[in-house]
>>> print(open('my_file_12.pdb').read())   # PDB, N, CA and C atoms
ATOM      1  N   MET A  87      -3.179  -8.286 -45.320
ATOM      2  CA  MET A  87      -3.423  -7.631 -46.600
ATOM      3  C   MET A  87      -3.391  -6.127 -46.384
ATOM      4  N   LYS A  88      -2.551  -5.438 -47.104
ATOM      5  CA  LYS A  88      -2.379  -4.010 -46.905
ATOM      6  C   LYS A  88      -2.965  -3.159 -48.027
ATOM      7  N   ASP A  89      -3.049  -3.674 -49.240
ATOM      8  CA  ASP A  89      -3.502  -2.897 -50.384
ATOM      9  C   ASP A  89      -5.029  -2.869 -50.429
ATOM     10  N   LEU A  90      -5.622  -1.717 -50.102
ATOM     11  CA  LEU A  90      -7.077  -1.609 -50.026
ATOM     12  C   LEU A  90      -7.760  -1.642 -51.388
ATOM     13  N   THR A  91      -7.004  -1.441 -52.473
ATOM     14  CA  THR A  91      -7.630  -1.467 -53.799
ATOM     15  C   THR A  91      -8.028  -2.882 -54.212
ATOM     16  N   LYS A  92      -7.456  -3.887 -53.576
ATOM     17  CA  LYS A  92      -7.759  -5.277 -53.930
ATOM     18  C   LYS A  92      -8.741  -5.934 -52.962
ATOM     19  N   VAL A  93      -9.297  -5.172 -52.015
ATOM     20  CA  VAL A  93     -10.210  -5.751 -51.032
ATOM     21  C   VAL A  93     -11.589  -5.984 -51.639
ATOM     22  N   LEU A  94     -12.185  -4.973 -52.258
ATOM     23  CA  LEU A  94     -13.510  -5.099 -52.864
ATOM     24  C   LEU A  94     -13.365  -5.660 -54.271
ATOM     25  N   ILE A  95     -14.074  -6.741 -54.574
ATOM     26  CA  ILE A  95     -13.990  -7.343 -55.896
ATOM     27  C   ILE A  95     -15.159  -6.898 -56.772
ATOM     28  N   ARG A  96     -16.398  -7.091 -56.278
ATOM     29  CA  ARG A  96     -17.564  -6.667 -57.054
ATOM     30  C   ARG A  96     -18.769  -6.595 -56.133
ATOM     31  N   PRO A  97     -19.759  -5.789 -56.494
ATOM     32  CA  PRO A  97     -21.005  -5.816 -55.732
ATOM     33  C   PRO A  97     -21.821  -7.047 -56.111
ATOM     34  N   VAL A  98     -22.566  -7.574 -55.176
ATOM     35  CA  VAL A  98     -23.436  -8.716 -55.424
ATOM     36  C   VAL A  98     -24.853  -8.167 -55.533
ATOM     37  N   VAL A  99     -25.423  -8.219 -56.750
ATOM     38  CA  VAL A  99     -26.757  -7.677 -56.983
ATOM     39  C   VAL A  99     -27.688  -8.823 -57.348
ATOM     40  N   THR A 100     -28.545  -9.181 -56.407
ATOM     41  CA  THR A 100     -29.571 -10.185 -56.621
ATOM     42  C   THR A 100     -30.883  -9.628 -56.084
ATOM     43  N   GLU A 101     -31.952 -10.392 -56.211
ATOM     44  CA  GLU A 101     -33.233  -9.944 -55.667
ATOM     45  C   GLU A 101     -33.151  -9.765 -54.158
ATOM     46  N   LYS A 102     -32.510 -10.698 -53.506
ATOM     47  CA  LYS A 102     -32.410 -10.656 -52.056
ATOM     48  C   LYS A 102     -31.535  -9.480 -51.586
ATOM     49  N   THR A 103     -30.404  -9.235 -52.252
ATOM     50  CA  THR A 103     -29.541  -8.130 -51.834
ATOM     51  C   THR A 103     -30.149  -6.782 -52.189
ATOM     52  N   THR A 104     -30.949  -6.715 -53.246
ATOM     53  CA  THR A 104     -31.637  -5.473 -53.575
ATOM     54  C   THR A 104     -32.669  -5.142 -52.505
ATOM     55  N   ASP A 105     -33.322  -6.162 -51.960
ATOM     56  CA  ASP A 105     -34.267  -5.939 -50.870
ATOM     57  C   ASP A 105     -33.553  -5.441 -49.618
ATOM     58  N   LEU A 106     -32.319  -5.895 -49.386
ATOM     59  CA  LEU A 106     -31.549  -5.429 -48.225
ATOM     60  C   LEU A 106     -31.147  -3.965 -48.346
ATOM     61  N   SER A 107     -31.000  -3.460 -49.574
ATOM     62  CA  SER A 107     -30.516  -2.098 -49.749
ATOM     63  C   SER A 107     -31.632  -1.055 -49.728
ATOM     64  N   THR A 108     -32.820  -1.422 -49.283
ATOM     65  CA  THR A 108     -33.913  -0.452 -49.193
ATOM     66  C   THR A 108     -33.621   0.565 -48.098
ATOM     67  N   GLU A 109     -34.432   1.601 -48.038
ATOM     68  CA  GLU A 109     -34.224   2.688 -47.087
ATOM     69  C   GLU A 109     -34.252   2.222 -45.631
ATOM     70  N   THR A 110     -35.041   1.216 -45.314
ATOM     71  CA  THR A 110     -35.172   0.814 -43.912
ATOM     72  C   THR A 110     -33.981  -0.021 -43.432
ATOM     73  N   LYS A 111     -33.457  -0.894 -44.292
ATOM     74  CA  LYS A 111     -32.361  -1.773 -43.870
ATOM     75  C   LYS A 111     -30.992  -1.172 -44.143
ATOM     76  N   ASN A 112     -30.820  -0.532 -45.298
ATOM     77  CA  ASN A 112     -29.573   0.153 -45.678
ATOM     78  C   ASN A 112     -28.354  -0.772 -45.594
ATOM     79  N   LYS A 113     -28.468  -1.991 -46.147
ATOM     80  CA  LYS A 113     -27.367  -2.956 -46.167
ATOM     81  C   LYS A 113     -26.983  -3.234 -47.609
ATOM     82  N   TYR A 114     -25.681  -3.399 -47.855
ATOM     83  CA  TYR A 114     -25.163  -3.648 -49.193
ATOM     84  C   TYR A 114     -24.225  -4.843 -49.134
ATOM     85  N   VAL A 115     -24.181  -5.629 -50.221
ATOM     86  CA  VAL A 115     -23.420  -6.872 -50.240
ATOM     87  C   VAL A 115     -22.333  -6.784 -51.306
ATOM     88  N   PHE A 116     -21.121  -7.182 -50.946
ATOM     89  CA  PHE A 116     -19.976  -7.174 -51.853
ATOM     90  C   PHE A 116     -19.257  -8.512 -51.793
ATOM     91  N   GLN A 117     -18.675  -8.905 -52.915
ATOM     92  CA  GLN A 117     -17.712 -10.003 -52.913
ATOM     93  C   GLN A 117     -16.372  -9.370 -52.584
ATOM     94  N   VAL A 118     -15.666  -9.930 -51.609
ATOM     95  CA  VAL A 118     -14.400  -9.358 -51.153
ATOM     96  C   VAL A 118     -13.294 -10.404 -51.251
ATOM     97  N   ALA A 119     -12.069  -9.953 -51.111
ATOM     98  CA  ALA A 119     -10.923 -10.859 -51.142
ATOM     99  C   ALA A 119     -11.014 -11.844 -49.978
ATOM    100  N   THR A 120     -10.610 -13.083 -50.208
ATOM    101  CA  THR A 120     -10.765 -14.117 -49.185
ATOM    102  C   THR A 120      -9.877 -13.882 -47.973
ATOM    103  N   ASP A 121      -8.780 -13.142 -48.134
ATOM    104  CA  ASP A 121      -7.898 -12.896 -46.992
ATOM    105  C   ASP A 121      -8.127 -11.531 -46.352
ATOM    106  N   ALA A 122      -9.183 -10.819 -46.744
ATOM    107  CA  ALA A 122      -9.484  -9.509 -46.154
ATOM    108  C   ALA A 122     -10.258  -9.694 -44.861
ATOM    109  N   ASN A 123      -9.925  -8.871 -43.852
ATOM    110  CA  ASN A 123     -10.676  -8.936 -42.604
ATOM    111  C   ASN A 123     -11.678  -7.780 -42.537
ATOM    112  N   LYS A 124     -12.480  -7.740 -41.474
ATOM    113  CA  LYS A 124     -13.558  -6.758 -41.369
ATOM    114  C   LYS A 124     -13.042  -5.320 -41.335
ATOM    115  N   HIS A 125     -11.915  -5.097 -40.684
ATOM    116  CA  HIS A 125     -11.353  -3.746 -40.601
ATOM    117  C   HIS A 125     -10.915  -3.238 -41.977
ATOM    118  N   GLU A 126     -10.282  -4.093 -42.758
ATOM    119  CA  GLU A 126      -9.850  -3.713 -44.101
ATOM    120  C   GLU A 126     -11.037  -3.462 -45.020
ATOM    121  N   ILE A 127     -12.077  -4.271 -44.897
ATOM    122  CA  ILE A 127     -13.273  -4.073 -45.717
ATOM    123  C   ILE A 127     -13.917  -2.730 -45.384
ATOM    124  N   LYS A 128     -14.030  -2.425 -44.117
ATOM    125  CA  LYS A 128     -14.619  -1.152 -43.685
ATOM    126  C   LYS A 128     -13.791   0.027 -44.188
ATOM    127  N   GLN A 129     -12.472  -0.053 -44.063
ATOM    128  CA  GLN A 129     -11.594   1.030 -44.535
ATOM    129  C   GLN A 129     -11.729   1.223 -46.036
ATOM    130  N   ALA A 130     -11.765   0.144 -46.800
ATOM    131  CA  ALA A 130     -11.847   0.239 -48.255
ATOM    132  C   ALA A 130     -13.160   0.876 -48.698
ATOM    133  N   VAL A 131     -14.268   0.477 -48.097
ATOM    134  CA  VAL A 131     -15.569   1.029 -48.475
ATOM    135  C   VAL A 131     -15.642   2.504 -48.105
ATOM    136  N   GLU A 132     -15.186   2.870 -46.918
ATOM    137  CA  GLU A 132     -15.237   4.268 -46.503
ATOM    138  C   GLU A 132     -14.321   5.141 -47.354
ATOM    139  N   LYS A 133     -13.176   4.600 -47.759
ATOM    140  CA  LYS A 133     -12.227   5.391 -48.550
ATOM    141  C   LYS A 133     -12.683   5.556 -50.001
ATOM    142  N   TYR A 134     -13.107   4.470 -50.644
ATOM    143  CA  TYR A 134     -13.385   4.518 -52.079
ATOM    144  C   TYR A 134     -14.836   4.846 -52.426
ATOM    145  N   LEU A 135     -15.771   4.587 -51.525
ATOM    146  CA  LEU A 135     -17.174   4.876 -51.821
ATOM    147  C   LEU A 135     -17.701   6.069 -51.043
ATOM    148  N   GLY A 136     -16.939   6.574 -50.077
ATOM    149  CA  GLY A 136     -17.296   7.797 -49.370
ATOM    150  C   GLY A 136     -18.540   7.687 -48.512
ATOM    151  N   VAL A 137     -18.732   6.564 -47.838
ATOM    152  CA  VAL A 137     -19.884   6.381 -46.961
ATOM    153  C   VAL A 137     -19.395   5.957 -45.577
ATOM    154  N   LYS A 138     -20.251   6.077 -44.576
ATOM    155  CA  LYS A 138     -19.926   5.684 -43.205
ATOM    156  C   LYS A 138     -20.473   4.289 -42.952
ATOM    157  N   VAL A 139     -19.593   3.337 -42.629
ATOM    158  CA  VAL A 139     -19.977   1.946 -42.388
ATOM    159  C   VAL A 139     -20.162   1.740 -40.884
ATOM    160  N   LEU A 140     -21.336   1.243 -40.493
ATOM    161  CA  LEU A 140     -21.611   0.978 -39.082
ATOM    162  C   LEU A 140     -21.260  -0.450 -38.683
ATOM    163  N   ASP A 141     -21.470  -1.426 -39.589
ATOM    164  CA  ASP A 141     -21.268  -2.824 -39.245
ATOM    165  C   ASP A 141     -20.829  -3.606 -40.480
ATOM    166  N   VAL A 142     -19.953  -4.589 -40.270
ATOM    167  CA  VAL A 142     -19.500  -5.470 -41.350
ATOM    168  C   VAL A 142     -19.700  -6.908 -40.889
ATOM    169  N   ARG A 143     -20.407  -7.680 -41.690
ATOM    170  CA  ARG A 143     -20.576  -9.112 -41.420
ATOM    171  C   ARG A 143     -20.026  -9.868 -42.618
ATOM    172  N   THR A 144     -19.204 -10.864 -42.346
ATOM    173  CA  THR A 144     -18.582 -11.614 -43.435
ATOM    174  C   THR A 144     -18.960 -13.086 -43.338
ATOM    175  N   MET A 145     -18.921 -13.750 -44.496
ATOM    176  CA  MET A 145     -19.145 -15.186 -44.531
ATOM    177  C   MET A 145     -18.408 -15.777 -45.724
ATOM    178  N   ARG A 146     -17.967 -16.992 -45.564
ATOM    179  CA  ARG A 146     -17.306 -17.714 -46.654
ATOM    180  C   ARG A 146     -18.340 -18.546 -47.379
ATOM    181  N   MET A 147     -18.375 -18.384 -48.691
ATOM    182  CA  MET A 147     -19.290 -19.145 -49.530
ATOM    183  C   MET A 147     -18.518 -20.343 -50.082
ATOM    184  N   PRO A 148     -19.007 -21.562 -49.888
ATOM    185  CA  PRO A 148     -18.250 -22.744 -50.298
ATOM    186  C   PRO A 148     -18.237 -22.927 -51.815
ATOM    187  N   SER A 149     -17.268 -23.703 -52.282
ATOM    188  CA  SER A 149     -17.222 -24.020 -53.710
ATOM    189  C   SER A 149     -18.328 -25.017 -54.026
ATOM    190  N   LYS A 150     -18.785 -24.991 -55.276
ATOM    191  CA  LYS A 150     -19.887 -25.869 -55.674
ATOM    192  C   LYS A 150     -19.464 -26.720 -56.861
ATOM    193  N   PRO A 151     -19.893 -27.987 -56.881
ATOM    194  CA  PRO A 151     -19.604 -28.809 -58.059
ATOM    195  C   PRO A 151     -20.490 -28.393 -59.232
ATOM    196  N   LYS A 152     -19.919 -28.309 -60.406
ATOM    197  CA  LYS A 152     -20.665 -27.947 -61.617
ATOM    198  C   LYS A 152     -20.305 -28.930 -62.721
ATOM    199  N   ARG A 153     -21.253 -29.156 -63.627
ATOM    200  CA  ARG A 153     -21.038 -30.063 -64.746
ATOM    201  C   ARG A 153     -21.293 -29.325 -66.047
ATOM    202  N   MET A 154     -20.552 -29.709 -67.074
ATOM    203  CA  MET A 154     -20.816 -29.234 -68.424
ATOM    204  C   MET A 154     -20.726 -30.469 -69.313
ATOM    205  N   GLY A 155     -21.881 -31.057 -69.589
ATOM    206  CA  GLY A 155     -21.887 -32.325 -70.304
ATOM    207  C   GLY A 155     -21.346 -33.422 -69.413
ATOM    208  N   ARG A 156     -20.352 -34.138 -69.889
ATOM    209  CA  ARG A 156     -19.761 -35.194 -69.068
ATOM    210  C   ARG A 156     -18.561 -34.717 -68.268
ATOM    211  N   HIS A 157     -18.171 -33.463 -68.443
ATOM    212  CA  HIS A 157     -17.026 -32.908 -67.716
ATOM    213  C   HIS A 157     -17.490 -32.304 -66.400
ATOM    214  N   GLU A 158     -16.734 -32.575 -65.378
ATOM    215  CA  GLU A 158     -17.101 -32.127 -64.051
ATOM    216  C   GLU A 158     -16.007 -31.236 -63.489
ATOM    217  N   GLY A 159     -16.398 -30.193 -62.775
ATOM    218  CA  GLY A 159     -15.438 -29.286 -62.162
ATOM    219  C   GLY A 159     -16.057 -28.644 -60.936
ATOM    220  N   ARG A 160     -15.393 -27.621 -60.408
ATOM    221  CA  ARG A 160     -15.896 -26.931 -59.232
ATOM    222  C   ARG A 160     -15.798 -25.431 -59.439
ATOM    223  N   ARG A 161     -16.796 -24.718 -58.950
ATOM    224  CA  ARG A 161     -16.721 -23.265 -58.878
ATOM    225  C   ARG A 161     -15.842 -22.903 -57.689
ATOM    226  N   PRO A 162     -15.130 -21.791 -57.748
ATOM    227  CA  PRO A 162     -14.251 -21.451 -56.624
ATOM    228  C   PRO A 162     -15.034 -20.962 -55.400
ATOM    229  N   ALA A 163     -14.443 -21.144 -54.236
ATOM    230  CA  ALA A 163     -15.011 -20.594 -53.009
ATOM    231  C   ALA A 163     -14.731 -19.089 -52.988
ATOM    232  N   TRP A 164     -15.604 -18.316 -52.311
ATOM    233  CA  TRP A 164     -15.419 -16.869 -52.249
ATOM    234  C   TRP A 164     -15.939 -16.344 -50.926
ATOM    235  N   LYS A 165     -15.670 -15.063 -50.664
ATOM    236  CA  LYS A 165     -16.058 -14.451 -49.399
ATOM    237  C   LYS A 165     -17.026 -13.310 -49.666
ATOM    238  N   LYS A 166     -18.078 -13.242 -48.850
ATOM    239  CA  LYS A 166     -19.122 -12.230 -49.012
ATOM    240  C   LYS A 166     -19.147 -11.347 -47.777
ATOM    241  N   ALA A 167     -19.337 -10.036 -47.969
ATOM    242  CA  ALA A 167     -19.440  -9.093 -46.860
ATOM    243  C   ALA A 167     -20.762  -8.341 -46.972
ATOM    244  N   ILE A 168     -21.493  -8.276 -45.866
ATOM    245  CA  ILE A 168     -22.722  -7.497 -45.792
ATOM    246  C   ILE A 168     -22.426  -6.267 -44.945
ATOM    247  N   LEU A 169     -22.570  -5.089 -45.553
ATOM    248  CA  LEU A 169     -22.217  -3.833 -44.901
ATOM    249  C   LEU A 169     -23.476  -3.081 -44.507
ATOM    250  N   THR A 170     -23.547  -2.635 -43.268
ATOM    251  CA  THR A 170     -24.631  -1.780 -42.816
ATOM    252  C   THR A 170     -24.108  -0.355 -42.797
ATOM    253  N   LEU A 171     -24.778   0.537 -43.519
ATOM    254  CA  LEU A 171     -24.348   1.920 -43.611
ATOM    255  C   LEU A 171     -25.137   2.803 -42.664
ATOM    256  N   ALA A 172     -24.607   4.005 -42.438
ATOM    257  CA  ALA A 172     -25.319   4.998 -41.641
ATOM    258  C   ALA A 172     -26.626   5.354 -42.348
ATOM    259  N   PRO A 173     -27.666   5.749 -41.591
ATOM    260  CA  PRO A 173     -28.978   6.012 -42.205
ATOM    261  C   PRO A 173     -28.972   7.073 -43.302
ATOM    262  N   GLU A 174     -28.076   8.035 -43.228
ATOM    263  CA  GLU A 174     -28.056   9.102 -44.235
ATOM    264  C   GLU A 174     -27.253   8.741 -45.481
ATOM    265  N   ASP A 175     -26.517   7.630 -45.468
ATOM    266  CA  ASP A 175     -25.672   7.246 -46.603
ATOM    267  C   ASP A 175     -26.358   6.209 -47.479
ATOM    268  N   LYS A 176     -25.973   6.189 -48.763
ATOM    269  CA  LYS A 176     -26.372   5.125 -49.672
ATOM    270  C   LYS A 176     -25.354   5.056 -50.807
ATOM    271  N   ILE A 177     -25.284   3.904 -51.457
ATOM    272  CA  ILE A 177     -24.340   3.684 -52.544
ATOM    273  C   ILE A 177     -25.113   3.757 -53.852
ATOM    274  N   GLU A 178     -24.688   4.635 -54.749
ATOM    275  CA  GLU A 178     -25.443   4.921 -55.963
ATOM    276  C   GLU A 178     -25.447   3.767 -56.961
ATOM    277  N   MET A 179     -24.396   2.940 -57.003
ATOM    278  CA  MET A 179     -24.313   1.891 -58.021
ATOM    279  C   MET A 179     -25.385   0.810 -57.844
ATOM    280  N   PHE A 180     -25.994   0.729 -56.664
ATOM    281  CA  PHE A 180     -27.040  -0.249 -56.422
ATOM    282  C   PHE A 180     -28.409   0.253 -56.844
ATOM    283  N   ASP A 181     -28.555   1.536 -57.119
ATOM    284  CA  ASP A 181     -29.849   2.122 -57.460
ATOM    285  C   ASP A 181     -30.103   2.109 -58.946
ATOM    286  N   VAL A 182     -29.938   0.962 -59.594
ATOM    287  CA  VAL A 182     -30.167   0.825 -61.033
ATOM    288  C   VAL A 182     -31.553   0.207 -61.207
ATOM    289  N   VAL A 183     -32.536   1.051 -61.373
ATOM    290  CA  VAL A 183     -33.918   0.563 -61.498
ATOM    291  C   VAL A 183     -34.503   1.006 -62.814
TER     292      VAL A 183
END
>>> encode(input="my_file_12.pdb", output="structure tokens")
Amino acid sequence: MKDLTKVLIRPVVTEKTTDLSTETKNKYVFQVATDANKHEIKQAVEKYLGVKVLDVRTMRMPSKPKRMGRHEGRRPAWKKAILTLAPEDKIEMFDVV
């Protein structure tokens, strides 16, 4: 994958990820493209968000069965990246309090 604009899909904001983004941990979670590797994720975040990334951890989230009445389907599988930033950096979009 060469196009860095398609690597980051959306930030994942939950109670657990908000706790990770505190001053002591400085970790942020994003949904990323399933074919993106750690180097591409790091390049995209540093280029478009202007922060220094120290570590990238990725995991594949499996698809889940879902029902709506008697109809059954599946949610799609996706990839999650947990980014550790330098102590002096932070991402402003997560500070919505």
>>> resolve_selection(input="my_file_12.pdb", expression="the PyMOL selection byres ((chain A and resi 103-119) around 6.5)", output="MDAnalysis selection string")
chainID A and resid 92:102 120:122 164:171
>>> atom_distance(input="my_file_12.pdb", atom1="atom N of Val137 (chain A)", atom2="CA of Met179 (chain A)")
12.5 Å
>>> select_by_dssp(input="my_file_12.pdb", residues="region 90-172 of chain A", states="strand (DSSP E or B)", output="ChimeraX atom specification")
/A:94-97,113-118,139-147,151-154,157-160,164-171
>>> atom_distance(input="my_file_12.pdb", atom1="atom C of Leu135 (chain A)", atom2="CA of Pro173 (chain A)")
14.3 Å
>>> resolve_selection(input="my_file_12.pdb", expression="the PyMOL selection byres ((chain A and resi 139) around 8)", output="mmCIF file with N, CA and C atoms, in the coordinates of the input")
data_model
loop_
_atom_site.group_PDB
_atom_site.id
_atom_site.type_symbol
_atom_site.label_atom_id
_atom_site.label_comp_id
_atom_site.auth_asym_id
_atom_site.auth_seq_id
_atom_site.Cartn_x
_atom_site.Cartn_y
_atom_site.Cartn_z
ATOM 1 N N LYS A 128 -14.030 -2.425 -44.117
ATOM 2 C CA LYS A 128 -14.619 -1.152 -43.685
ATOM 3 C C LYS A 128 -13.791 0.027 -44.188
ATOM 4 N N GLN A 129 -12.472 -0.053 -44.063
ATOM 5 C CA GLN A 129 -11.594 1.030 -44.535
ATOM 6 C C GLN A 129 -11.729 1.223 -46.036
ATOM 7 N N VAL A 131 -14.268 0.477 -48.097
ATOM 8 C CA VAL A 131 -15.569 1.029 -48.475
ATOM 9 C C VAL A 131 -15.642 2.504 -48.105
ATOM 10 N N GLU A 132 -15.186 2.870 -46.918
ATOM 11 C CA GLU A 132 -15.237 4.268 -46.503
ATOM 12 C C GLU A 132 -14.321 5.141 -47.354
ATOM 13 N N GLY A 136 -16.939 6.574 -50.077
ATOM 14 C CA GLY A 136 -17.296 7.797 -49.370
ATOM 15 C C GLY A 136 -18.540 7.687 -48.512
ATOM 16 N N VAL A 137 -18.732 6.564 -47.838
ATOM 17 C CA VAL A 137 -19.884 6.381 -46.961
ATOM 18 C C VAL A 137 -19.395 5.957 -45.577
ATOM 19 N N LYS A 138 -20.251 6.077 -44.576
ATOM 20 C CA LYS A 138 -19.926 5.684 -43.205
ATOM 21 C C LYS A 138 -20.473 4.289 -42.952
ATOM 22 N N LEU A 140 -21.336 1.243 -40.493
ATOM 23 C CA LEU A 140 -21.611 0.978 -39.082
ATOM 24 C C LEU A 140 -21.260 -0.450 -38.683
ATOM 25 N N ASP A 141 -21.470 -1.426 -39.589
ATOM 26 C CA ASP A 141 -21.268 -2.824 -39.245
ATOM 27 C C ASP A 141 -20.829 -3.606 -40.480
ATOM 28 N N VAL A 142 -19.953 -4.589 -40.270
ATOM 29 C CA VAL A 142 -19.500 -5.470 -41.350
ATOM 30 C C VAL A 142 -19.700 -6.908 -40.889
ATOM 31 N N LEU A 169 -22.570 -5.089 -45.553
ATOM 32 C CA LEU A 169 -22.217 -3.833 -44.901
ATOM 33 C C LEU A 169 -23.476 -3.081 -44.507
ATOM 34 N N THR A 170 -23.547 -2.635 -43.268
ATOM 35 C CA THR A 170 -24.631 -1.780 -42.816
ATOM 36 C C THR A 170 -24.108 -0.355 -42.797
ATOM 37 N N LEU A 171 -24.778 0.537 -43.519
ATOM 38 C CA LEU A 171 -24.348 1.920 -43.611
ATOM 39 C C LEU A 171 -25.137 2.803 -42.664
ATOM 40 N N ALA A 172 -24.607 4.005 -42.438
ATOM 41 C CA ALA A 172 -25.319 4.998 -41.641
ATOM 42 C C ALA A 172 -26.626 5.354 -42.348
#
>>> residues_around(input="my_file_12.pdb", residues="region 88-91 of chain A", least_positions_apart="4", cutoff="8 Å", atoms="only C-alpha atoms", output="number ranges by chain")
A: 126-127, 129-130
>>> write_last_selection(input="my_file_12.pdb", atoms="N, CA and C atoms", output="compact mmCIF listing (two decimals), in the frame of the given file")
# COMPACT_ATOMS: atom_id res chain seq x y z
N GLU A 126 -10.28 -4.09 -42.76
CA GLU A 126 -9.85 -3.71 -44.10
C GLU A 126 -11.04 -3.46 -45.02
N ILE A 127 -12.08 -4.27 -44.90
CA ILE A 127 -13.27 -4.07 -45.72
C ILE A 127 -13.92 -2.73 -45.38
N GLN A 129 -12.47 -0.05 -44.06
CA GLN A 129 -11.59 1.03 -44.54
C GLN A 129 -11.73 1.22 -46.04
N ALA A 130 -11.76 0.14 -46.80
CA ALA A 130 -11.85 0.24 -48.26
C ALA A 130 -13.16 0.88 -48.70
>>> axis_aligned_box(input="my_file_12.pdb", around="region 122-134 of chain A", padding_each_side="4 Å", output="lines of an AutoDock Vina configuration file")
center_x = -12.4
center_y = -2.6
center_z = -46.5
size_x = 14.5
size_y = 24.4
size_z = 19.8
>>> atom_distance(input="my_file_12.pdb", atom1="atom C of Pro162 (chain A)", atom2="atom C of Lys150 (chain A)")
7.4 Å
>>> select_by_dssp(input="my_file_12.pdb", residues="chain A", states="helix (DSSP H, G or I)", output="compact mmCIF listing (two decimals) with N, CA and C atoms, in the frame of the given file")
# COMPACT_ATOMS: atom_id res chain seq x y z
N LEU A 90 -5.62 -1.72 -50.10
CA LEU A 90 -7.08 -1.61 -50.03
C LEU A 90 -7.76 -1.64 -51.39
N THR A 91 -7.00 -1.44 -52.47
CA THR A 91 -7.63 -1.47 -53.80
C THR A 91 -8.03 -2.88 -54.21
N LYS A 92 -7.46 -3.89 -53.58
CA LYS A 92 -7.76 -5.28 -53.93
C LYS A 92 -8.74 -5.93 -52.96
N GLU A 101 -31.95 -10.39 -56.21
CA GLU A 101 -33.23 -9.94 -55.67
C GLU A 101 -33.15 -9.76 -54.16
N LYS A 102 -32.51 -10.70 -53.51
CA LYS A 102 -32.41 -10.66 -52.06
C LYS A 102 -31.54 -9.48 -51.59
N THR A 103 -30.40 -9.24 -52.25
CA THR A 103 -29.54 -8.13 -51.83
C THR A 103 -30.15 -6.78 -52.19
N THR A 104 -30.95 -6.72 -53.25
CA THR A 104 -31.64 -5.47 -53.58
C THR A 104 -32.67 -5.14 -52.50
N ASP A 105 -33.32 -6.16 -51.96
CA ASP A 105 -34.27 -5.94 -50.87
C ASP A 105 -33.55 -5.44 -49.62
N LEU A 106 -32.32 -5.90 -49.39
CA LEU A 106 -31.55 -5.43 -48.22
C LEU A 106 -31.15 -3.96 -48.35
N LYS A 124 -12.48 -7.74 -41.47
CA LYS A 124 -13.56 -6.76 -41.37
C LYS A 124 -13.04 -5.32 -41.34
N HIS A 125 -11.92 -5.10 -40.68
CA HIS A 125 -11.35 -3.75 -40.60
C HIS A 125 -10.92 -3.24 -41.98
N GLU A 126 -10.28 -4.09 -42.76
CA GLU A 126 -9.85 -3.71 -44.10
C GLU A 126 -11.04 -3.46 -45.02
N ILE A 127 -12.08 -4.27 -44.90
CA ILE A 127 -13.27 -4.07 -45.72
C ILE A 127 -13.92 -2.73 -45.38
N LYS A 128 -14.03 -2.42 -44.12
CA LYS A 128 -14.62 -1.15 -43.68
C LYS A 128 -13.79 0.03 -44.19
N GLN A 129 -12.47 -0.05 -44.06
CA GLN A 129 -11.59 1.03 -44.54
C GLN A 129 -11.73 1.22 -46.04
N ALA A 130 -11.76 0.14 -46.80
CA ALA A 130 -11.85 0.24 -48.26
C ALA A 130 -13.16 0.88 -48.70
N VAL A 131 -14.27 0.48 -48.10
CA VAL A 131 -15.57 1.03 -48.48
C VAL A 131 -15.64 2.50 -48.10
N GLU A 132 -15.19 2.87 -46.92
CA GLU A 132 -15.24 4.27 -46.50
C GLU A 132 -14.32 5.14 -47.35
N LYS A 133 -13.18 4.60 -47.76
CA LYS A 133 -12.23 5.39 -48.55
C LYS A 133 -12.68 5.56 -50.00
N TYR A 134 -13.11 4.47 -50.64
CA TYR A 134 -13.38 4.52 -52.08
C TYR A 134 -14.84 4.85 -52.43
N LEU A 135 -15.77 4.59 -51.52
CA LEU A 135 -17.17 4.88 -51.82
C LEU A 135 -17.70 6.07 -51.04
N GLU A 178 -24.69 4.64 -54.75
CA GLU A 178 -25.44 4.92 -55.96
C GLU A 178 -25.45 3.77 -56.96
N MET A 179 -24.40 2.94 -57.00
CA MET A 179 -24.31 1.89 -58.02
C MET A 179 -25.38 0.81 -57.84
N PHE A 180 -25.99 0.73 -56.66
CA PHE A 180 -27.04 -0.25 -56.42
C PHE A 180 -28.41 0.25 -56.84
